[in-house]
file start34.tsv (TSV, C-alpha atoms)
chain	number	residue	atom	x	y	z
Q	27	MET	CA	91.50	54.51	82.81
Q	28	THR	CA	95.02	54.74	81.41
Q	29	THR	CA	97.24	52.02	80.10
Q	30	THR	CA	100.97	51.81	80.41
Q	31	THR	CA	103.43	50.42	77.94
Q	32	PRO	CA	105.92	47.88	79.29
Q	33	ALA	CA	109.36	49.40	79.68
Q	34	THR	CA	110.91	46.77	77.42
Q	35	SER	CA	108.88	47.95	74.43
Q	36	TRP	CA	110.89	51.17	74.17
Q	37	LEU	CA	114.16	49.70	75.41
Q	38	ARG	CA	114.15	47.19	72.54
Q	39	SER	CA	115.86	48.86	69.59
Q	40	ALA	CA	115.55	45.91	67.19
Q	41	ASP	CA	112.39	43.96	66.51
Q	42	PRO	CA	113.49	40.30	66.84
Q	43	TRP	CA	111.04	39.11	64.18
Q	44	ARG	CA	111.58	41.80	61.55
Q	45	ASP	CA	115.12	43.12	62.06
Q	46	THR	CA	116.73	39.82	61.18
Q	47	ASP	CA	119.94	41.39	59.82
Q	48	VAL	CA	121.05	41.72	63.44
Q	49	ILE	CA	120.62	39.60	66.55
Q	50	ASP	CA	120.88	40.17	70.27
Q	51	GLU	CA	124.18	38.51	71.23
Q	52	ARG	CA	122.49	37.05	74.32
Q	53	ALA	CA	119.94	35.35	72.08
Q	54	ALA	CA	122.75	33.72	70.12
Q	55	ARG	CA	124.41	32.51	73.32
Q	56	PHE	CA	121.11	31.23	74.69
Q	57	GLY	CA	120.59	29.26	71.47
Q	58	GLN	CA	124.10	27.82	71.77
Q	59	ALA	CA	123.42	26.84	75.37
Q	60	THR	CA	120.26	25.01	74.31
Q	61	THR	CA	122.08	23.19	71.52
Q	62	GLY	CA	124.96	22.30	73.82
Q	63	VAL	CA	122.77	20.90	76.59
Q	64	VAL	CA	120.71	18.79	74.19
Q	65	ALA	CA	123.84	17.48	72.45
Q	66	LEU	CA	125.45	16.66	75.80
Q	67	LEU	CA	122.38	14.84	77.13
Q	68	GLY	CA	122.18	12.78	73.96
Q	69	ALA	CA	125.85	11.82	74.27
Q	70	VAL	CA	125.73	10.96	77.98
Q	71	LEU	CA	122.41	9.10	77.93
Q	72	GLY	CA	122.71	7.54	74.48
Q	73	TRP	CA	119.76	9.37	72.96
Q	74	PRO	CA	120.48	9.89	69.26
Q	75	LEU	CA	116.89	11.02	68.86
Q	76	ALA	CA	117.79	14.15	70.86
Q	77	TRP	CA	120.42	15.00	68.25
Q	78	GLY	CA	117.99	14.38	65.42
Q	79	LEU	CA	115.30	16.55	66.99
Q	80	MET	CA	117.75	19.36	67.76
Q	81	SER	CA	119.08	19.21	64.21
Q	82	ALA	CA	115.52	19.37	62.87
Q	83	GLN	CA	114.68	22.33	65.12
Q	84	LEU	CA	117.76	24.23	63.98
Q	85	PHE	CA	116.92	23.50	60.35
Q	86	ILE	CA	113.33	24.72	60.79
Q	87	GLY	CA	114.54	27.94	62.42
Q	88	LEU	CA	117.09	28.52	59.67
Q	89	THR	CA	114.63	28.00	56.85
Q	90	LEU	CA	111.35	29.36	58.25
Q	91	GLY	CA	112.63	32.11	60.54
Q	92	ARG	CA	112.89	32.95	64.22
Q	93	ARG	CA	109.17	32.57	64.87
Q	94	TRP	CA	109.66	28.83	64.31
Q	95	CYS	CA	112.77	28.61	66.48
Q	96	ILE	CA	111.85	27.41	69.98
Q	97	PRO	CA	114.96	28.82	71.75
Q	98	CYS	CA	114.39	32.13	69.93
Q	99	ILE	CA	110.78	32.30	71.07
Q	100	ALA	CA	111.80	31.45	74.64
Q	101	TYR	CA	114.50	34.12	74.70
Q	102	PHE	CA	112.64	36.96	73.01
Q	103	THR	CA	109.33	36.43	74.83
Q	104	LEU	CA	110.50	35.34	78.27
Q	105	LEU	CA	114.11	36.37	78.92
Q	106	GLN	CA	114.73	39.53	76.91
Q	107	PRO	CA	111.67	41.36	78.35
Q	108	ARG	CA	112.96	40.54	81.83
Q	109	PHE	CA	116.69	41.24	81.44
Q	110	GLY	CA	116.73	43.72	78.57
Q	111	GLU	CA	118.34	43.79	75.17
Q	112	GLY	CA	121.99	42.88	74.78
Q	113	SER	CA	124.43	44.18	72.21
Q	114	LEU	CA	123.24	43.77	68.63
Q	115	GLU	CA	125.54	42.03	66.17
Q	116	ASP	CA	125.50	40.88	62.56
Q	117	SER	CA	123.27	37.79	62.45
Q	118	ARG	CA	125.23	36.00	59.71
Q	119	PRO	CA	128.10	34.58	61.84
Q	120	PRO	CA	125.72	32.92	64.38
Q	121	ARG	CA	123.66	31.67	61.44
Q	122	LEU	CA	126.68	29.82	60.04
Q	123	ALA	CA	127.30	28.35	63.50
Q	124	ASN	CA	123.71	27.07	63.50
Q	125	ILE	CA	124.16	25.57	60.03
Q	126	ILE	CA	127.25	23.72	61.25
Q	127	GLY	CA	125.33	22.52	64.30
Q	128	THR	CA	122.44	21.34	62.14
Q	129	VAL	CA	124.68	19.28	59.86
Q	130	SER	CA	126.82	17.94	62.70
Q	131	LEU	CA	123.98	16.78	64.95
Q	132	GLY	CA	122.06	15.33	62.02
Q	133	SER	CA	125.20	13.42	60.99
Q	134	ALA	CA	125.73	12.21	64.57
Q	135	ALA	CA	122.22	10.80	64.76
Q	136	LEU	CA	122.53	9.19	61.33
Q	137	LEU	CA	125.85	7.55	62.20
Q	138	TRP	CA	124.36	6.11	65.40
Q	139	TRP	CA	121.39	4.65	63.56
Q	140	LEU	CA	123.67	3.23	60.86
Q	141	GLY	CA	125.63	1.28	63.45
Q	142	SER	CA	128.46	3.67	64.41
Q	143	PRO	CA	127.44	4.95	67.85
Q	144	ALA	CA	131.01	5.82	68.83
Q	145	ALA	CA	131.46	8.11	65.84
Q	146	GLY	CA	128.05	9.69	66.41
Q	147	THR	CA	128.80	10.28	70.08
Q	148	ALA	CA	132.18	11.82	69.25
Q	149	ILE	CA	130.63	14.32	66.83
Q	150	ALA	CA	127.80	15.19	69.22
Q	151	GLY	CA	130.29	15.56	72.07
Q	152	LEU	CA	132.33	18.02	70.01
Q	153	VAL	CA	129.18	20.00	69.19
Q	154	ALA	CA	128.25	20.05	72.89
Q	155	PHE	CA	131.72	21.27	73.88
Q	156	LEU	CA	131.89	24.05	71.29
Q	157	ALA	CA	128.31	25.18	71.90
Q	158	LEU	CA	128.72	25.33	75.67
Q	159	VAL	CA	132.04	27.17	75.33
Q	160	SER	CA	130.27	29.70	73.11
Q	161	ALA	CA	127.39	30.07	75.56
Q	162	SER	CA	129.65	30.54	78.57
Q	163	THR	CA	132.52	32.58	77.13
Q	164	GLY	CA	131.17	34.18	73.95
Q	165	PHE	CA	133.80	32.47	71.76
Q	166	CYS	CA	131.87	30.99	68.83
Q	167	ALA	CA	133.97	28.76	66.55
Q	168	GLY	CA	131.42	28.87	63.73
Q	169	CYS	CA	131.24	32.66	63.98
Q	170	GLU	CA	135.03	32.94	63.78
Q	171	ILE	CA	135.04	30.75	60.67
Q	172	TYR	CA	132.49	33.07	59.10
Q	173	LYS	CA	134.48	36.19	60.00
Q	174	LEU	CA	137.67	34.68	58.58
Q	175	THR	CA	136.00	33.86	55.27
Q	176	ALA	CA	134.36	37.30	55.25
Q	177	LYS	CA	137.76	38.93	55.64
Q	178	LEU	CA	139.14	36.85	52.78
Q	179	ARG	CA	136.17	37.69	50.54
Q	180	GLY	CA	135.65	41.35	51.40
Q	181	ILE	CA	137.49	44.62	50.86
Q	182	SER	CA	141.22	44.19	51.44
Q	183	PRO	CA	144.45	45.13	49.66
Q	184	THR	CA	144.58	41.58	48.29
Q	185	ASN	CA	141.00	41.55	47.02
Q	186	HIS	CA	139.20	44.86	46.42
Q	187	ASP	CA	142.17	47.20	46.63
Q	188	ARG	CA	140.19	50.27	45.68
Q	189	VAL	CA	136.88	51.97	46.43
Q	190	ASP	CA	135.36	53.83	43.50
Q	191	PRO	CA	135.15	57.55	44.42
Q	192	PHE	CA	132.00	57.70	42.29
Q	193	ASP	CA	130.28	55.47	44.87
Q	194	LEU	CA	131.19	57.78	47.77
Q	195	PRO	CA	130.77	61.47	46.96
Q	196	GLY	CA	133.24	63.59	48.87
Q	197	LEU	CA	135.90	60.91	49.11
Q	198	ASP	CA	138.37	63.13	47.29
Q	199	ALA	CA	137.93	65.93	49.82
Q	200	ALA	CA	140.62	64.59	52.14
Q	201	PRO	CA	143.94	62.76	51.63
Q	202	ARG	CA	142.82	60.00	53.98
Q	203	SER	CA	139.28	58.98	54.92
Q	204	PHE	CA	137.61	56.15	56.77
Q	205	VAL	CA	134.84	54.20	55.08
Q	206	GLU	CA	132.54	52.23	57.37
Q	207	PHE	CA	130.05	49.76	55.96
Q	208	MET	CA	127.51	49.56	58.77
Q	209	HIS	CA	123.99	48.75	59.90
Q	210	PRO	CA	122.17	51.38	62.01
Q	211	LEU	CA	121.19	48.82	64.68
Q	212	CYS	CA	124.62	47.20	65.02
Q	213	SER	CA	126.19	47.97	68.42
Q	214	GLU	CA	129.76	47.38	67.22
Q	215	CYS	CA	129.13	49.68	64.25
Q	216	GLN	CA	128.18	52.47	66.65
Q	217	ASP	CA	131.31	51.83	68.72
Q	218	TRP	CA	133.48	52.02	65.61
Q	219	GLU	CA	131.79	55.26	64.55
Q	220	GLN	CA	132.70	56.94	67.83
Q	221	ARG	CA	136.31	55.75	67.60
Q	222	LEU	CA	136.68	56.90	64.01
Q	223	LEU	CA	135.13	60.30	64.66
Q	224	ALA	CA	137.60	60.81	67.50
Q	225	THR	CA	140.54	60.55	65.07
Q	226	GLY	CA	139.52	63.72	63.27
Q	227	ASP	CA	139.74	62.06	59.85
Q	228	ARG	CA	136.82	62.17	57.45
Q	229	LEU	CA	134.29	59.37	57.98
Q	230	LEU	CA	132.01	58.14	55.22
Q	231	LYS	CA	129.32	55.71	56.34
Q	232	VAL	CA	127.57	53.26	54.04
Q	233	ASP	CA	124.33	51.79	55.43
Q	234	VAL	CA	124.22	48.31	53.91
Q	235	ARG	CA	120.47	48.20	54.48
Q	236	ASP	CA	120.00	51.24	52.21
Q	237	ARG	CA	122.82	50.42	49.79
Q	238	PRO	CA	122.81	46.65	49.27
Q	239	ASP	CA	124.27	47.30	45.81
Q	240	LEU	CA	127.48	48.67	47.32
Q	241	ALA	CA	127.60	45.89	49.91
Q	242	LYS	CA	127.43	43.36	47.10
Q	243	LYS	CA	129.92	45.23	44.93
Q	244	TYR	CA	132.59	45.31	47.63
Q	245	GLY	CA	131.90	41.89	49.11
Q	246	ILE	CA	130.67	43.13	52.48
Q	247	ALA	CA	129.90	39.85	54.21
Q	248	ILE	CA	129.83	41.28	57.73
Q	249	VAL	CA	129.28	44.61	59.46
Q	250	PRO	CA	131.08	46.61	60.53
Q	251	THR	CA	133.66	46.62	57.76
Q	252	VAL	CA	136.06	49.55	58.17
Q	253	VAL	CA	138.85	50.60	55.82
Q	254	ALA	CA	141.08	53.64	55.41
Q	255	VAL	CA	141.23	54.93	51.84
Q	256	ALA	CA	143.18	57.57	49.96
Q	257	CYS	CA	141.50	60.37	48.04
Q	258	ASN	CA	141.69	58.31	44.85
Q	259	GLY	CA	139.90	55.39	46.52
Q	260	GLU	CA	142.97	53.22	47.14
Q	261	VAL	CA	142.53	51.00	50.20
Q	262	LEU	CA	145.35	51.91	52.58
Q	263	GLU	CA	144.49	49.82	55.61
Q	264	ARG	CA	141.77	47.53	56.91
Q	265	PHE	CA	140.54	47.79	60.50
Q	266	ALA	CA	137.48	45.55	60.73
Q	267	PRO	CA	136.58	42.78	60.61
call {"tool": "encode", "arguments": {"input": "start34.tsv", "output": "structure tokens"}}
result
Amino acid sequence: MTTTTPATSWLRSADPWRDTDVIDERAARFGQATTGVVALLGAVLGWPLAWGLMSAQLFIGLTLGRRWCIPCIAYFTLLQPRFGEGSLEDSRPPRLANIIGTVSLGSAALLWWLGSPAAGTAIAGLVAFLALVSASTGFCAGCEIYKLTAKLRGISPTNHDRVDPFDLPGLDAAPRSFVEFMHPLCSECQDWEQRLLATGDRLLKVDVRDRPDLAKKYGIAIVPTVVAVACNGEVLERFAP
């Protein structure tokens, strides 16, 4: 008697419980949909307890991991095996969005119980709107805030204006090179790699999983981060994020 392995086991390139540096973008949108629906129901029906429970669930998932996140479990065990894996992205922007949702819904519930139901409903309504927009369109306000701050903190001519050639052997072999800080499971990183290779310029990749020291040194808060540098390490131009 032979056994067969489900097709999804080899189609899944990232283990959802171990490869937590990245996340399936569909999982993030499913989580936003769950948050949005709960926030909306609480606002329409006057259930501040729904906001409190959703805030608590988000907090538990953020602190204890995806195995304690009910929407994560539902997506990775029920939906992903059926529909397949979506594009993989840096998990830090959706994480900030969840932190904002946790604080906002917790504050909404607290305001209601302290005698300000209108203020609580307004905050929960805003959370519902932003979460459902994210789930339906892919535009995540919390993620964009994270990316903006990452750009301000990371490699740029106004921050780190130079990459040390000692960190990247071979940098001085060409007058202009691309440096990509990447994660091997990141879908956007792979797209950038193909685009950069097509230019014909030298490409130096830095796997942030293998070189966390360089990621920390250059303030890499999100992958992919792509810059063009001169042979002496001077940052000439920034392409991503």
call {"tool": "closest_atom_pairs", "arguments": {"input": "start34.tsv", "of": "range 30-111 of chain Q", "to": "range 121-130 of chain Q", "cutoff": "12 Å", "atoms": "all atoms listed in the file", "output": "JSON lines"}}
result
{"residue": "Q:Thr46", "atom": "CA", "partner": "Q:Arg121", "partner_atom": "CA", "distance": 10.7}
{"residue": "Q:Asp47", "atom": "CA", "partner": "Q:Arg121", "partner_atom": "CA", "distance": 10.5}
{"residue": "Q:Val48", "atom": "CA", "partner": "Q:Arg121", "partner_atom": "CA", "distance": 10.6}
{"residue": "Q:Ile49", "atom": "CA", "partner": "Q:Arg121", "partner_atom": "CA", "distance": 9.9}
{"residue": "Q:Glu51", "atom": "CA", "partner": "Q:Arg121", "partner_atom": "CA", "distance": 12.0}
{"residue": "Q:Ala53", "atom": "CA", "partner": "Q:Arg121", "partner_atom": "CA", "distance": 11.9}
{"residue": "Q:Ala54", "atom": "CA", "partner": "Q:Arg121", "partner_atom": "CA", "distance": 9.0}
{"residue": "Q:Arg55", "atom": "CA", "partner": "Q:Ala123", "partner_atom": "CA", "distance": 11.0}
{"residue": "Q:Gly57", "atom": "CA", "partner": "Q:Asn124", "partner_atom": "CA", "distance": 8.8}
{"residue": "Q:Gln58", "atom": "CA", "partner": "Q:Asn124", "partner_atom": "CA", "distance": 8.3}
{"residue": "Q:Ala59", "atom": "CA", "partner": "Q:Asn124", "partner_atom": "CA", "distance": 11.9}
{"residue": "Q:Thr60", "atom": "CA", "partner": "Q:Gly127", "partner_atom": "CA", "distance": 11.5}
{"residue": "Q:Thr61", "atom": "CA", "partner": "Q:Gly127", "partner_atom": "CA", "distance": 7.9}
{"residue": "Q:Gly62", "atom": "CA", "partner": "Q:Gly127", "partner_atom": "CA", "distance": 9.5}
{"residue": "Q:Val64", "atom": "CA", "partner": "Q:Gly127", "partner_atom": "CA", "distance": 11.5}
{"residue": "Q:Ala65", "atom": "CA", "partner": "Q:Gly127", "partner_atom": "CA", "distance": 9.7}
{"residue": "Q:Trp77", "atom": "CA", "partner": "Q:Ser130", "partner_atom": "CA", "distance": 9.0}
{"residue": "Q:Gly78", "atom": "CA", "partner": "Q:Thr128", "partner_atom": "CA", "distance": 8.9}
{"residue": "Q:Leu79", "atom": "CA", "partner": "Q:Thr128", "partner_atom": "CA", "distance": 9.9}
{"residue": "Q:Met80", "atom": "CA", "partner": "Q:Thr128", "partner_atom": "CA", "distance": 7.6}
{"residue": "Q:Ser81", "atom": "CA", "partner": "Q:Thr128", "partner_atom": "CA", "distance": 4.5}
{"residue": "Q:Ala82", "atom": "CA", "partner": "Q:Thr128", "partner_atom": "CA", "distance": 7.2}
{"residue": "Q:Gln83", "atom": "CA", "partner": "Q:Thr128", "partner_atom": "CA", "distance": 8.4}
{"residue": "Q:Leu84", "atom": "CA", "partner": "Q:Thr128", "partner_atom": "CA", "distance": 5.8}
{"residue": "Q:Phe85", "atom": "CA", "partner": "Q:Thr128", "partner_atom": "CA", "distance": 6.2}
{"residue": "Q:Ile86", "atom": "CA", "partner": "Q:Thr128", "partner_atom": "CA", "distance": 9.8}
{"residue": "Q:Gly87", "atom": "CA", "partner": "Q:Asn124", "partner_atom": "CA", "distance": 9.3}
{"residue": "Q:Leu88", "atom": "CA", "partner": "Q:Arg121", "partner_atom": "CA", "distance": 7.5}
{"residue": "Q:Thr89", "atom": "CA", "partner": "Q:Ile125", "partner_atom": "CA", "distance": 10.3}
{"residue": "Q:Gly91", "atom": "CA", "partner": "Q:Arg121", "partner_atom": "CA", "distance": 11.1}
{"residue": "Q:Arg92", "atom": "CA", "partner": "Q:Arg121", "partner_atom": "CA", "distance": 11.2}
{"residue": "Q:Cys95", "atom": "CA", "partner": "Q:Asn124", "partner_atom": "CA", "distance": 11.4}
call {"tool": "residues_around", "arguments": {"input": "start34.tsv", "residues": "Leu240 in chain Q", "least_positions_apart": "3", "cutoff": "12 Å", "atoms": "all atoms listed in the file", "output": "list in words"}}
result
Gly180, Ile181, Val189, Asp190, Phe192, Asp193, Leu194, Glu206, Phe207, Met208, Lys231, Val232, Asp233, Val234, Arg235, Asp236, Arg237, Lys243, Tyr244, Gly245, Ile246 and Ala247 of chain Q
call {"tool": "closest_residue", "arguments": {"input": "start34.tsv", "among": "Q:Gly146, Q:Leu152, Q:Phe265, Q:Pro183", "to": "Val205 in chain Q", "atoms": "only C-alpha atoms"}}
result
Q:Phe265
call {"tool": "closest_residue", "arguments": {"input": "start34.tsv", "among": "Q:Phe102, Q:Leu75, Q:Glu170, Q:Phe155", "to": "Ser133 in chain Q", "atoms": "all atoms listed in the file"}}
result
Q:Leu75
call {"tool": "atom_distance", "arguments": {"input": "start34.tsv", "atom1": "CA of Ala254 in chain Q", "atom2": "CA of Asp50 in chain Q"}}
result
28.5 Å
call {"tool": "axis_aligned_box", "arguments": {"input": "start34.tsv", "around": "range 229-239 of chain Q", "padding_each_side": "3 Å", "output": "AutoDock Vina command-line options"}}
result
--center_x 127.1 --center_y 53.0 --center_z 51.9 --size_x 20.3 --size_y 18.7 --size_z 18.2
call {"tool": "residues_near_point", "arguments": {"input": "start34.tsv", "point": "(115.7, 38.7, 79.2)", "cutoff": "12 Å", "atoms": "all atoms listed in the file", "output": "list in words"}}
result
Thr34, Leu37, Arg38, Asp50, Glu51, Arg52, Ala53, Phe56, Cys98, Ile99, Ala100, Tyr101, Phe102, Thr103, Leu104, Leu105, Gln106, Pro107, Arg108, Phe109, Gly110, Glu111 and Gly112 of chain Q
call {"tool": "write_last_selection", "arguments": {"input": "start34.tsv", "atoms": "C-alpha atoms", "output": "CSV table (one decimal), in the frame of the given file"}}
result
chain,number,residue,atom,x,y,z
Q,34,THR,CA,110.9,46.8,77.4
Q,37,LEU,CA,114.2,49.7,75.4
Q,38,ARG,CA,114.2,47.2,72.5
Q,50,ASP,CA,120.9,40.2,70.3
Q,51,GLU,CA,124.2,38.5,71.2
Q,52,ARG,CA,122.5,37.0,74.3
Q,53,ALA,CA,119.9,35.4,72.1
Q,56,PHE,CA,121.1,31.2,74.7
Q,98,CYS,CA,114.4,32.1,69.9
Q,99,ILE,CA,110.8,32.3,71.1
Q,100,ALA,CA,111.8,31.4,74.6
Q,101,TYR,CA,114.5,34.1,74.7
Q,102,PHE,CA,112.6,37.0,73.0
Q,103,THR,CA,109.3,36.4,74.8
Q,104,LEU,CA,110.5,35.3,78.3
Q,105,LEU,CA,114.1,36.4,78.9
Q,106,GLN,CA,114.7,39.5,76.9
Q,107,PRO,CA,111.7,41.4,78.4
Q,108,ARG,CA,113.0,40.5,81.8
Q,109,PHE,CA,116.7,41.2,81.4
Q,110,GLY,CA,116.7,43.7,78.6
Q,111,GLU,CA,118.3,43.8,75.2
Q,112,GLY,CA,122.0,42.9,74.8
